[in-house]
$ cat protein_29.pdb   # PDB, C-alpha atoms
ATOM      1  CA  MET A   1     -27.898  39.999  25.402
ATOM      2  CA  PHE A   2     -25.983  38.533  22.513
ATOM      3  CA  ILE A   3     -25.917  37.983  18.811
ATOM      4  CA  VAL A   4     -24.228  34.859  17.602
ATOM      5  CA  LYS A   5     -23.014  34.411  14.074
ATOM      6  CA  LEU A   6     -22.856  30.648  13.810
ATOM      7  CA  CYS A   7     -19.974  29.144  11.916
ATOM      8  CA  ALA A   8     -20.877  26.990   8.964
ATOM      9  CA  ALA A   9     -18.340  24.431  10.116
ATOM     10  CA  ALA A  10     -20.243  23.924  13.357
ATOM     11  CA  LEU A  11     -23.516  23.515  11.479
ATOM     12  CA  LEU A  12     -22.091  20.971   9.073
ATOM     13  CA  LEU A  13     -19.623  19.025  11.199
ATOM     14  CA  ALA A  14     -22.029  16.259  12.120
ATOM     15  CA  PHE A  15     -22.839  15.698   8.436
ATOM     16  CA  LEU A  16     -19.454  16.107   6.801
ATOM     17  CA  LEU A  17     -17.427  13.882   9.113
ATOM     18  CA  PRO A  18     -19.439  10.744   8.254
ATOM     19  CA  LEU A  19     -19.384  11.735   4.593
ATOM     20  CA  SER A  20     -15.602  12.135   4.439
ATOM     21  CA  ALA A  21     -15.164   8.852   6.329
ATOM     22  CA  CYS A  22     -16.936   7.025   3.518
ATOM     23  CA  GLY A  23     -14.175   7.962   1.090
ATOM     24  CA  ALA A  24     -14.508   8.221  -2.667
ATOM     25  CA  PRO A  25     -17.134   5.998  -4.252
ATOM     26  CA  ALA A  26     -15.954   3.114  -6.361
ATOM     27  CA  GLY A  27     -17.241   2.269  -9.822
ATOM     28  CA  ASN A  28     -20.378   3.877 -11.179
ATOM     29  CA  GLY A  29     -22.305   4.236  -7.952
ATOM     30  CA  GLY A  30     -22.899   3.051  -4.426
ATOM     31  CA  THR A  31     -25.185   3.211  -1.439
ATOM     32  CA  LEU A  32     -25.238   5.796   1.348
ATOM     33  CA  GLU A  33     -25.676   4.712   4.955
ATOM     34  CA  SER A  34     -29.228   6.092   4.669
ATOM     35  CA  GLY A  35     -29.921   3.622   1.871
ATOM     36  CA  ALA A  36     -29.992   6.276  -0.867
ATOM     37  CA  VAL A  37     -28.158   5.360  -4.077
ATOM     38  CA  PHE A  38     -25.690   7.837  -5.504
ATOM     39  CA  ASP A  39     -24.201   8.154  -8.954
ATOM     40  CA  ALA A  40     -20.430   8.575  -8.918
ATOM     41  CA  SER A  41     -20.595  10.392 -12.269
ATOM     42  CA  LEU A  42     -22.127  13.382 -10.439
ATOM     43  CA  TYR A  43     -18.967  14.007  -8.429
ATOM     44  CA  LEU A  44     -16.542  16.656  -9.689
ATOM     45  CA  ALA A  45     -12.804  17.139  -9.459
ATOM     46  CA  PRO A  46     -11.785  20.509  -7.963
ATOM     47  CA  GLU A  47     -10.424  21.696 -11.296
ATOM     48  CA  ASP A  48     -13.823  21.045 -12.883
ATOM     49  CA  TYR A  49     -15.965  22.703 -10.230
ATOM     50  CA  PRO A  50     -18.229  25.377 -11.762
ATOM     51  CA  ARG A  51     -18.149  29.065 -10.841
ATOM     52  CA  VAL A  52     -20.773  29.469  -8.138
ATOM     53  CA  ASP A  53     -22.345  32.575  -6.658
ATOM     54  CA  GLY A  54     -25.350  33.297  -4.506
ATOM     55  CA  SER A  55     -27.001  34.920  -1.536
ATOM     56  CA  THR A  56     -25.738  35.195   2.025
ATOM     57  CA  LEU A  57     -28.529  32.857   3.047
ATOM     58  CA  THR A  58     -27.151  29.983   0.966
ATOM     59  CA  ILE A  59     -23.443  30.139   1.895
ATOM     60  CA  PRO A  60     -23.559  27.143   4.287
ATOM     61  CA  PHE A  61     -25.451  25.097   1.676
ATOM     62  CA  SER A  62     -22.965  26.057  -1.038
ATOM     63  CA  GLU A  63     -19.985  25.174   1.150
ATOM     64  CA  ALA A  64     -21.457  21.817   2.190
ATOM     65  CA  LEU A  65     -22.295  21.073  -1.430
ATOM     66  CA  ALA A  66     -18.762  21.845  -2.631
ATOM     67  CA  ALA A  67     -17.269  19.642   0.073
ATOM     68  CA  ALA A  68     -19.571  16.729  -0.799
ATOM     69  CA  VAL A  69     -19.274  16.953  -4.582
ATOM     70  CA  MET A  70     -15.477  17.349  -4.620
ATOM     71  CA  ARG A  71     -14.988  15.088  -1.582
ATOM     72  CA  LEU A  72     -12.877  17.717   0.163
ATOM     73  CA  PRO A  73     -12.637  18.885   3.765
ATOM     74  CA  LEU A  74     -14.917  21.851   4.366
ATOM     75  CA  GLU A  75     -12.045  24.303   4.796
ATOM     76  CA  GLU A  76     -10.628  23.389   1.382
ATOM     77  CA  ALA A  77     -14.041  23.413  -0.273
ATOM     78  CA  ARG A  78     -14.641  26.993   0.891
ATOM     79  CA  LEU A  79     -11.936  28.177  -1.517
ATOM     80  CA  TYR A  80     -14.320  27.338  -4.376
ATOM     81  CA  VAL A  81     -17.293  29.249  -2.940
ATOM     82  CA  LEU A  82     -17.752  33.001  -3.415
ATOM     83  CA  HIS A  83     -21.178  34.542  -2.836
ATOM     84  CA  ASN A  84     -21.711  38.193  -3.776
ATOM     85  CA  LYS A  85     -25.329  38.407  -2.522
ATOM     86  CA  THR A  86     -28.494  38.004  -4.540
ATOM     87  CA  HIS A  87     -28.566  40.852  -7.055
ATOM     88  CA  LEU A  88     -24.899  40.702  -8.027
ATOM     89  CA  ALA A  89     -25.142  36.917  -8.291
ATOM     90  CA  TYR A  90     -27.906  37.326 -10.882
ATOM     91  CA  THR A  91     -25.939  39.887 -12.892
ATOM     92  CA  ASN A  92     -22.836  37.688 -12.717
ATOM     93  CA  LEU A  93     -24.820  34.726 -14.060
ATOM     94  CA  VAL A  94     -26.374  36.743 -16.877
ATOM     95  CA  ASP A  95     -23.028  38.302 -17.806
ATOM     96  CA  GLY A  96     -21.241  34.946 -17.843
ATOM     97  CA  ARG A  97     -19.138  35.464 -14.712
ATOM     98  CA  ALA A  98     -20.920  32.639 -12.849
ATOM     99  CA  ASP A  99     -22.206  29.250 -14.018
ATOM    100  CA  ILE A 100     -24.765  28.474 -11.293
ATOM    101  CA  ILE A 101     -26.157  30.541  -8.427
ATOM    102  CA  PHE A 102     -28.114  29.785  -5.246
ATOM    103  CA  VAL A 103     -30.628  32.536  -4.594
ATOM    104  CA  THR A 104     -34.250  33.479  -3.986
ATOM    105  CA  PRO A 105     -36.395  33.792  -7.154
ATOM    106  CA  PRO A 106     -35.483  36.707  -9.438
ATOM    107  CA  SER A 107     -36.971  40.159  -9.050
ATOM    108  CA  ALA A 108     -38.695  41.937 -11.936
ATOM    109  CA  GLU A 109     -35.567  44.024 -12.444
ATOM    110  CA  GLU A 110     -33.342  40.933 -12.583
ATOM    111  CA  LEU A 111     -35.644  39.278 -15.116
ATOM    112  CA  ALA A 112     -35.630  42.463 -17.185
ATOM    113  CA  TYR A 113     -31.825  42.596 -17.102
ATOM    114  CA  ALA A 114     -31.620  38.997 -18.323
ATOM    115  CA  ALA A 115     -34.104  39.721 -21.126
ATOM    116  CA  GLU A 116     -32.148  42.820 -22.157
ATOM    117  CA  LYS A 117     -29.018  40.665 -22.473
ATOM    118  CA  GLY A 118     -30.882  37.950 -24.353
ATOM    119  CA  VAL A 119     -30.442  35.399 -21.583
ATOM    120  CA  GLU A 120     -33.148  32.998 -20.414
ATOM    121  CA  LEU A 121     -32.902  31.741 -16.848
ATOM    122  CA  ASP A 122     -33.497  28.191 -15.683
ATOM    123  CA  VAL A 123     -34.885  28.729 -12.154
ATOM    124  CA  ILE A 124     -35.163  25.467 -10.193
ATOM    125  CA  PRO A 125     -36.452  25.376  -6.582
ATOM    126  CA  VAL A 126     -34.211  23.252  -4.349
ATOM    127  CA  LEU A 127     -34.713  24.480  -0.769
ATOM    128  CA  ARG A 128     -37.737  25.651   1.163
ATOM    129  CA  ASP A 129     -37.614  28.468   3.706
ATOM    130  CA  ALA A 130     -40.065  30.600   5.641
ATOM    131  CA  PHE A 131     -40.380  34.345   5.290
ATOM    132  CA  VAL A 132     -40.584  35.498   8.906
ATOM    133  CA  PHE A 133     -41.543  38.613  10.841
ATOM    134  CA  PHE A 134     -40.054  39.438  14.211
ATOM    135  CA  VAL A 135     -40.279  42.014  16.987
ATOM    136  CA  ASN A 136     -38.163  43.007  19.950
ATOM    137  CA  ALA A 137     -38.257  40.417  22.735
ATOM    138  CA  LYS A 138     -39.887  42.964  25.052
ATOM    139  CA  ASN A 139     -42.814  43.551  22.704
ATOM    140  CA  PRO A 140     -45.823  41.628  24.094
ATOM    141  CA  ALA A 141     -47.201  40.943  20.584
ATOM    142  CA  ASP A 142     -46.964  37.303  19.575
ATOM    143  CA  GLY A 143     -48.679  37.243  16.192
ATOM    144  CA  LEU A 144     -50.265  39.118  13.306
ATOM    145  CA  ARG A 145     -52.614  38.212  10.508
ATOM    146  CA  LEU A 146     -51.110  38.348   7.053
ATOM    147  CA  ASP A 147     -53.548  41.074   6.011
ATOM    148  CA  GLU A 148     -52.465  43.141   9.039
ATOM    149  CA  ILE A 149     -48.827  42.850   7.987
ATOM    150  CA  VAL A 150     -49.728  44.097   4.509
ATOM    151  CA  ARG A 151     -51.642  47.063   5.945
ATOM    152  CA  ILE A 152     -48.753  47.925   8.294
ATOM    153  CA  TYR A 153     -46.239  48.009   5.458
ATOM    154  CA  ALA A 154     -48.683  49.888   3.231
ATOM    155  CA  GLY A 155     -48.787  52.606   5.895
ATOM    156  CA  GLU A 156     -52.426  52.049   6.920
ATOM    157  CA  ILE A 157     -51.774  50.643  10.414
ATOM    158  CA  LYS A 158     -49.345  52.728  12.451
ATOM    159  CA  ASN A 159     -49.807  51.738  16.094
ATOM    160  CA  TRP A 160     -49.569  48.379  17.845
ATOM    161  CA  ASN A 161     -52.870  49.077  19.626
ATOM    162  CA  GLU A 162     -54.625  48.758  16.248
ATOM    163  CA  VAL A 163     -53.642  45.088  16.145
ATOM    164  CA  GLY A 164     -54.270  44.247  19.792
ATOM    165  CA  GLY A 165     -50.968  45.466  21.208
ATOM    166  CA  GLU A 166     -49.743  48.331  23.360
ATOM    167  CA  ASP A 167     -50.120  52.018  22.534
ATOM    168  CA  LYS A 168     -46.785  52.262  20.747
ATOM    169  CA  GLU A 169     -45.849  53.420  17.261
ATOM    170  CA  ILE A 170     -44.989  50.621  14.829
ATOM    171  CA  LEU A 171     -41.572  51.048  13.216
ATOM    172  CA  PRO A 172     -41.701  48.833  10.109
ATOM    173  CA  TYR A 173     -38.116  48.342   8.957
ATOM    174  CA  GLN A 174     -37.341  47.350   5.362
ATOM    175  CA  ARG A 175     -34.484  45.861   3.338
ATOM    176  CA  GLY A 176     -32.800  47.487   0.371
ATOM    177  CA  GLU A 177     -34.128  47.247  -3.162
ATOM    178  CA  ASN A 178     -33.254  44.004  -5.013
ATOM    179  CA  SER A 179     -32.041  42.291  -1.858
ATOM    180  CA  GLY A 180     -33.378  38.751  -1.643
ATOM    181  CA  SER A 181     -35.589  39.516   1.337
ATOM    182  CA  GLN A 182     -36.974  42.721  -0.206
ATOM    183  CA  THR A 183     -37.949  40.793  -3.332
ATOM    184  CA  GLY A 184     -39.557  38.213  -1.049
ATOM    185  CA  MET A 185     -41.454  40.923   0.807
ATOM    186  CA  LEU A 186     -42.844  42.358  -2.412
ATOM    187  CA  GLU A 187     -43.759  39.064  -4.061
ATOM    188  CA  LEU A 188     -44.705  36.825  -1.139
ATOM    189  CA  VAL A 189     -46.364  39.344   1.169
ATOM    190  CA  MET A 190     -47.367  42.600  -0.521
ATOM    191  CA  LYS A 191     -48.356  40.955  -3.845
ATOM    192  CA  GLY A 192     -48.957  44.216  -5.682
ATOM    193  CA  THR A 193     -49.865  46.425  -2.704
ATOM    194  CA  PRO A 194     -47.345  49.292  -2.703
ATOM    195  CA  LEU A 195     -44.944  49.547   0.210
ATOM    196  CA  ALA A 196     -45.113  52.831   2.092
ATOM    197  CA  PRO A 197     -41.872  54.782   1.581
ATOM    198  CA  ALA A 198     -39.475  54.248   4.469
ATOM    199  CA  PRO A 199     -36.973  56.797   5.793
ATOM    200  CA  THR A 200     -33.399  56.016   4.780
ATOM    201  CA  GLU A 201     -32.459  55.141   8.349
ATOM    202  CA  MET A 202     -35.126  52.415   8.362
ATOM    203  CA  VAL A 203     -33.833  50.624   5.237
ATOM    204  CA  PHE A 204     -30.949  48.169   5.601
ATOM    205  CA  GLY A 205     -28.626  46.813   2.940
ATOM    206  CA  GLU A 206     -27.513  43.882   5.105
ATOM    207  CA  MET A 207     -29.825  41.257   6.569
ATOM    208  CA  SER A 208     -27.952  41.541   9.856
ATOM    209  CA  GLY A 209     -28.840  45.243  10.029
ATOM    210  CA  ILE A 210     -32.591  44.712  10.208
ATOM    211  CA  VAL A 211     -32.157  42.079  12.946
ATOM    212  CA  ASP A 212     -29.907  44.390  14.962
ATOM    213  CA  ALA A 213     -32.315  47.290  14.539
ATOM    214  CA  VAL A 214     -35.233  45.348  16.004
ATOM    215  CA  ALA A 215     -33.017  43.947  18.746
ATOM    216  CA  PHE A 216     -31.111  46.995  19.939
ATOM    217  CA  TYR A 217     -31.774  50.364  18.300
ATOM    218  CA  ASP A 218     -33.659  53.290  19.843
ATOM    219  CA  ASN A 219     -37.396  52.605  20.196
ATOM    220  CA  ALA A 220     -36.714  48.965  19.259
ATOM    221  CA  GLU A 221     -39.685  47.795  21.322
ATOM    222  CA  GLY A 222     -41.995  49.190  18.631
ATOM    223  CA  ALA A 223     -39.975  47.806  15.733
ATOM    224  CA  LEU A 224     -41.044  45.198  13.207
ATOM    225  CA  GLY A 225     -38.661  43.430  10.852
ATOM    226  CA  TYR A 226     -38.532  40.564   8.361
ATOM    227  CA  SER A 227     -36.068  38.096   6.927
ATOM    228  CA  TYR A 228     -35.743  34.402   6.146
ATOM    229  CA  TYR A 229     -36.022  31.814   8.892
ATOM    230  CA  TYR A 230     -32.751  30.046   8.090
ATOM    231  CA  TYR A 231     -30.766  33.280   8.287
ATOM    232  CA  THR A 232     -32.191  34.467  11.604
ATOM    233  CA  GLN A 233     -32.101  30.995  13.126
ATOM    234  CA  ASN A 234     -28.650  29.876  12.001
ATOM    235  CA  LEU A 235     -26.508  32.732  10.662
ATOM    236  CA  TRP A 236     -27.423  35.832  12.665
ATOM    237  CA  ARG A 237     -29.310  34.721  15.731
ATOM    238  CA  SER A 238     -30.345  37.073  18.529
ATOM    239  CA  ASP A 239     -32.070  36.392  21.817
ATOM    240  CA  GLN A 240     -33.381  39.974  21.692
ATOM    241  CA  ILE A 241     -35.923  39.258  18.955
ATOM    242  CA  LYS A 242     -38.877  36.888  18.772
ATOM    243  CA  TYR A 243     -40.740  35.501  15.801
ATOM    244  CA  LEU A 244     -44.371  36.375  15.257
ATOM    245  CA  ARG A 245     -46.993  33.808  14.424
ATOM    246  CA  VAL A 246     -48.632  34.585  11.092
ATOM    247  CA  ASP A 247     -52.299  33.630  10.857
ATOM    248  CA  GLY A 248     -51.773  31.695  14.077
ATOM    249  CA  VAL A 249     -48.879  29.516  12.839
ATOM    250  CA  ALA A 250     -45.346  29.818  14.234
ATOM    251  CA  PRO A 251     -42.364  29.644  11.849
ATOM    252  CA  LEU A 252     -40.882  26.313  12.893
ATOM    253  CA  THR A 253     -39.019  23.745  10.807
ATOM    254  CA  GLU A 254     -41.896  21.272  10.983
ATOM    255  CA  HIS A 255     -44.344  23.946   9.790
ATOM    256  CA  ILE A 256     -42.038  24.766   6.891
ATOM    257  CA  ALA A 257     -41.701  21.122   5.929
ATOM    258  CA  ASP A 258     -45.438  20.368   6.096
ATOM    259  CA  GLY A 259     -46.446  23.644   4.412
ATOM    260  CA  SER A 260     -48.652  24.900   7.240
ATOM    261  CA  TYR A 261     -46.740  28.162   7.763
ATOM    262  CA  PRO A 262     -48.456  30.648   5.413
ATOM    263  CA  ILE A 263     -45.434  32.456   3.917
ATOM    264  CA  LEU A 264     -43.059  29.980   2.340
ATOM    265  CA  SER A 265     -40.253  30.807  -0.044
ATOM    266  CA  ASP A 266     -38.292  28.699  -2.466
ATOM    267  CA  VAL A 267     -34.538  28.992  -2.611
ATOM    268  CA  CYS A 268     -33.462  28.193  -6.142
ATOM    269  CA  MET A 269     -30.495  27.131  -8.154
ATOM    270  CA  VAL A 270     -30.401  29.227 -11.302
ATOM    271  CA  LEU A 271     -28.522  28.465 -14.507
ATOM    272  CA  ARG A 272     -28.612  29.940 -17.994
ATOM    273  CA  LYS A 273     -31.099  28.067 -20.204
ATOM    274  CA  GLY A 274     -28.363  27.347 -22.689
ATOM    275  CA  GLU A 275     -26.092  25.656 -20.147
ATOM    276  CA  PRO A 276     -25.073  22.424 -21.936
ATOM    277  CA  ASP A 277     -26.040  18.980 -20.675
ATOM    278  CA  GLY A 278     -22.954  17.356 -19.201
ATOM    279  CA  SER A 279     -21.363  20.653 -18.172
ATOM    280  CA  ALA A 280     -20.023  21.006 -14.635
ATOM    281  CA  ALA A 281     -22.925  23.292 -13.715
ATOM    282  CA  ARG A 282     -25.490  20.761 -14.995
ATOM    283  CA  LYS A 283     -23.727  17.935 -13.150
ATOM    284  CA  LEU A 284     -23.848  19.995  -9.955
ATOM    285  CA  ALA A 285     -27.541  20.696 -10.542
ATOM    286  CA  ASN A 286     -28.184  16.967 -10.973
ATOM    287  CA  PHE A 287     -26.280  16.194  -7.774
ATOM    288  CA  ILE A 288     -28.381  18.719  -5.845
ATOM    289  CA  ARG A 289     -31.569  16.975  -6.993
ATOM    290  CA  SER A 290     -30.278  13.517  -6.099
ATOM    291  CA  ASP A 291     -30.982  11.770  -2.785
ATOM    292  CA  GLU A 292     -27.448  12.539  -1.674
ATOM    293  CA  GLY A 293     -27.855  16.201  -2.611
ATOM    294  CA  LYS A 294     -30.976  16.395  -0.462
ATOM    295  CA  ALA A 295     -29.016  14.784   2.371
ATOM    296  CA  VAL A 296     -26.391  17.525   2.013
ATOM    297  CA  ALA A 297     -29.097  20.179   2.320
ATOM    298  CA  GLU A 298     -30.577  18.530   5.407
ATOM    299  CA  GLY A 299     -27.140  18.113   6.948
ATOM    300  CA  ALA A 300     -26.605  21.864   6.567
ATOM    301  CA  GLY A 301     -29.883  22.579   8.354
ATOM    302  CA  TYR A 302     -32.082  23.387   5.325
ATOM    303  CA  VAL A 303     -35.397  21.918   4.223
ATOM    304  CA  PRO A 304     -34.959  20.440   0.718
ATOM    305  CA  VAL A 305     -37.727  20.578  -1.849
ATOM    306  CA  ARG A 306     -38.920  17.013  -2.409
TER     307      ARG A 306
END
$ encode --input "protein_29.pdb" --output "structure tokens"
Amino acid sequence: MFIVKLCAAALLLAFLLPLSACGAPAGNGGTLESGAVFDASLYLAPEDYPRVDGSTLTIPFSEALAAAVMRLPLEEARLYVLHNKTHLAYTNLVDGRADIIFVTPPSAEELAYAAEKGVELDVIPVLRDAFVFFVNAKNPADGLRLDEIVRIYAGEIKNWNEVGGEDKEILPYQRGENSGSQTGMLELVMKGTPLAPAPTEMVFGEMSGIVDAVAFYDNAEGALGYSYYYYTQNLWRSDQIKYLRVDGVAPLTEHIADGSYPILSDVCMVLRKGEPDGSAARKLANFIRSDEGKAVAEGAGYVPVR
């Protein structure tokens, strides 16, 4: 029984070592070993790097990006990366304390806050992830239909035997309001169907909490939880949980890439609409959308939007 929090350095080492060996590009551009052409004008000096913020989910991407764009070792690049989690990242962007953020799409409350402040958001999908459901490893269930998940979280289905499982109460854990995964649950899964109120002890502010609850807490064998695939696979992995198939499709990288998994989520870079062309934040955004930027995302274990 173990939970492993994987280090971003371990995830990115294979990518960053070849990158740093290439050195700084000469002139106005060059060619990557993969054959992709890069534009040297998209690189940034450390003193010009924009103020970034974002979700827990995107920390490894943000660190790899900073290292690539500034051509720094990963440990040095980390000094330029500070993620305050999704909701605070949005408020920091709107209030001018961040220039670009890496997050899931905004919640209704975050959009309302931006409108109240007179700020329009430029929301650009850059990574693709799966919204996953998981149970304790000892639970014999291996899948649910999407409509069954909705009915469970609406409070209509309360026992695993109603969905072909054992006679055991379902404990549907939730995340806190305005967390990235709670916004995903509401918009990607429930889609207007109200969530049944959950007791305080079944709502978790941290993504790690919902994983731990399903893995270890009392009555965990009846528990059901949700998160994003990248987080549970790479940042807070546990051998005491197992993913459920949704509508018969397992959440695997190939099913995310080909679109066959039924609950997909975009991870976005978000800027203020008025962010000037040529600013550091816009240059970083352009780098992310380049072939080299997509290679950075893949090197960090993400699926880039193509």
$ resolve_selection --input "protein_29.pdb" --expression "the PyMOL selection byres ((chain A and resi 223) around 6)" --output "list in words"
Val135, Ile170, Leu171, Pro172, Val214, Ala220, Glu221, Gly222 and Leu224 of chain A
$ write_last_selection --input "protein_29.pdb" --atoms "C-alpha atoms" --output "mmCIF file, keeping the file's coordinate frame"
data_model
loop_
_atom_site.group_PDB
_atom_site.id
_atom_site.type_symbol
_atom_site.label_atom_id
_atom_site.label_comp_id
_atom_site.auth_asym_id
_atom_site.auth_seq_id
_atom_site.Cartn_x
_atom_site.Cartn_y
_atom_site.Cartn_z
ATOM 1 C CA VAL A 135 -40.279 42.014 16.987
ATOM 2 C CA ILE A 170 -44.989 50.621 14.829
ATOM 3 C CA LEU A 171 -41.572 51.048 13.216
ATOM 4 C CA PRO A 172 -41.701 48.833 10.109
ATOM 5 C CA VAL A 214 -35.233 45.348 16.004
ATOM 6 C CA ALA A 220 -36.714 48.965 19.259
ATOM 7 C CA GLU A 221 -39.685 47.795 21.322
ATOM 8 C CA GLY A 222 -41.995 49.190 18.631
ATOM 9 C CA LEU A 224 -41.044 45.198 13.207
#
$ resolve_selection --input "protein_29.pdb" --expression "the PyMOL selection byres ((chain A and resi 153) around 7)" --output "PyMOL selection string"
chain A and resi 149-152+154-155+172+195-196
$ residues_around --input "protein_29.pdb" --residues "Leu252 (chain A)" --least-positions-apart "3" --cutoff "9 Å" --atoms "all atoms listed in the file" --output "list of chain:residue names"
A:Ala130, A:Tyr229, A:Val249, A:His255, A:Ile256, A:Ala257, A:Tyr261
$ resolve_selection --input "protein_29.pdb" --expression "the PyMOL selection byres ((chain A and resi 147) around 12)" --output "number ranges by chain"
A: 143-146, 148-154, 156-157, 163, 189-191, 193, 246-247, 262
$ closest_residue --input "protein_29.pdb" --among "A:Ala77, A:Val103, A:Leu44, A:Ala281" --to "Pro125 (chain A)" --atoms "all atoms listed in the file"
A:Val103
$ atom_distance --input "protein_29.pdb" --atom1 "CA of Glu47 (chain A)" --atom2 "CA of Gly293 (chain A)"
20.2 Å
$ closest_residue --input "protein_29.pdb" --among "A:Ala67, A:Val132, A:Leu127, A:Ala141" --to "Gly225 (chain A)" --atoms "only C-alpha atoms"
A:Val132
$ closest_residue --input "protein_29.pdb" --among "A:Trp236, A:Tyr49, A:Tyr230, A:Tyr80" --to "Val303 (chain A)" --atoms "only C-alpha atoms"
A:Tyr230
$ closest_residue --input "protein_29.pdb" --among "A:Pro140, A:Arg97, A:Thr56, A:Asn234" --to "Ala300 (chain A)" --atoms "only C-alpha atoms"
A:Asn234
$ closest_residue --input "protein_29.pdb" --among "A:Leu284, A:Leu264, A:Phe204, A:Ser179" --to "Pro251 (chain A)" --atoms "all atoms listed in the file"
A:Leu264
$ atom_distance --input "protein_29.pdb" --atom1 "CA of Ala68 (chain A)" --atom2 "CA of Asp99 (chain A)"
18.4 Å
$ atom_distance --input "protein_29.pdb" --atom1 "CA of Gln240 (chain A)" --atom2 "CA of Arg175 (chain A)"
19.3 Å
$ closest_residue --input "protein_29.pdb" --among "A:Asp239, A:Glu109, A:Asp95, A:Asp266" --to "Leu188 (chain A)" --atoms "only C-alpha atoms"
A:Asp266
